[in-house]
Amino acid sequence: MDRVFWGFFPYAILGIIFWQMWPRLRQLRWPWLSLALLAVISLIWQARTLLRQGLPVDLAQTSYYLPATVFYALAIIGLIGCLATWQMRHGSRWLPRVHWLATYAYRAYLANVFWLQLVWLAGGRQLTATVPVVGIVVCYGLTWCLSFASAYGLHVAWQAVKNLKNQRRIVDDTHTTS
């Protein structure tokens, strides 16, 4: 349902334009430099916007519709595209691993909030309050690992259920034809 809201409309339109222009965009040699600059500028812009509200920053009062947030997200997406293009041009040995991770990325994204809440309640809040940088890194790392592990685990479990169902169908078909 998150794809039907107007906030994702710019990403959909820009994604279509990006796909249509892909052959020409692949020819660019240094777009990452301008994208990195855009990412840094929009990150600073976003930080200033958040800090104007006062400390501590209340992330519940922010929005991903803010222009700085949109520009930052687009710059990061562009940088990921640049990295992918570079890997394809150089025949990187990481491509199969990245492709495998990408298969589960959206599923892991869906599990992310669930796992972050559990990590946060299981001690992430206390750790982040005590040692903020370590707490953020630990919470992020654990959430990432648990999200991908659950996405992959659910995939493996679903495949096992499907295989069991197929085996039963084969056995039933064998008994029916004999």
# chains A, B, ... in the order shown; residues from 1 in each chain; ligands from 1

call {"tool": "select_by_dssp", "arguments": {"residues": "chain A", "states": "alpha helix (DSSP H)", "output": "JSON, numbers by chain"}}
result
{"A": [9, 10, 11, 12, 13, 14, 15, 16, 17, 18, 19, 20, 21, 22, 23, 24, 25, 31, 32, 33, 34, 35, 36, 37, 38, 39, 40, 41, 42, 43, 44, 45, 46, 47, 48, 49, 50, 51, 52, 67, 68, 69, 70, 71, 72, 73, 74, 75, 76, 77, 78, 79, 80, 81, 82, 83, 84, 85, 86, 87, 88, 89, 95, 96, 97, 98, 99, 100, 101, 102, 103, 104, 105, 106, 107, 108, 109, 110, 111, 112, 113, 114, 115, 116, 117, 118, 119, 125, 126, 127, 128, 129, 130, 132, 133, 134, 135, 136, 137, 138, 139, 140, 141, 142, 143, 144, 145, 146, 147, 148, 149, 150, 151, 152, 153, 154, 155, 156, 157, 158, 159, 160, 161, 162, 163, 164, 165, 166, 167, 168, 169, 170, 171, 172, 173, 174, 175, 176, 177]}

call {"tool": "residues_around", "arguments": {"residues": "region 22-33 of chain A", "least_positions_apart": "5", "cutoff": "9 Å", "atoms": "only C-alpha atoms", "output": "MDAnalysis selection string"}}
result
chainID A and resid 17 38 75 78:79 82:83 85

call {"tool": "write_last_selection", "arguments": {"atoms": "C-alpha atoms", "output": "short mmCIF file (atom, residue, chain, number, x, y, z; two decimals), in the first residue's frame"}}
result
data_model
loop_
_atom_site.label_atom_id
_atom_site.label_comp_id
_atom_site.auth_asym_id
_atom_site.auth_seq_id
_atom_site.Cartn_x
_atom_site.Cartn_y
_atom_site.Cartn_z
CA ILE A 17 13.00 8.38 -16.54
CA LEU A 38 24.39 16.73 -3.76
CA ALA A 75 21.49 11.34 -4.53
CA GLY A 78 22.14 7.68 -7.85
CA LEU A 79 25.36 6.81 -6.02
CA CYS A 82 27.01 4.54 -10.05
CA LEU A 83 28.52 1.81 -7.90
CA THR A 85 27.56 0.54 -13.11
#

call {"tool": "closest_residue", "arguments": {"among": "A:Thr103, A:Gln20, A:Ser92, A:Ser63", "to": "Tyr152 (chain A)", "atoms": "only C-alpha atoms"}}
result
A:Thr103
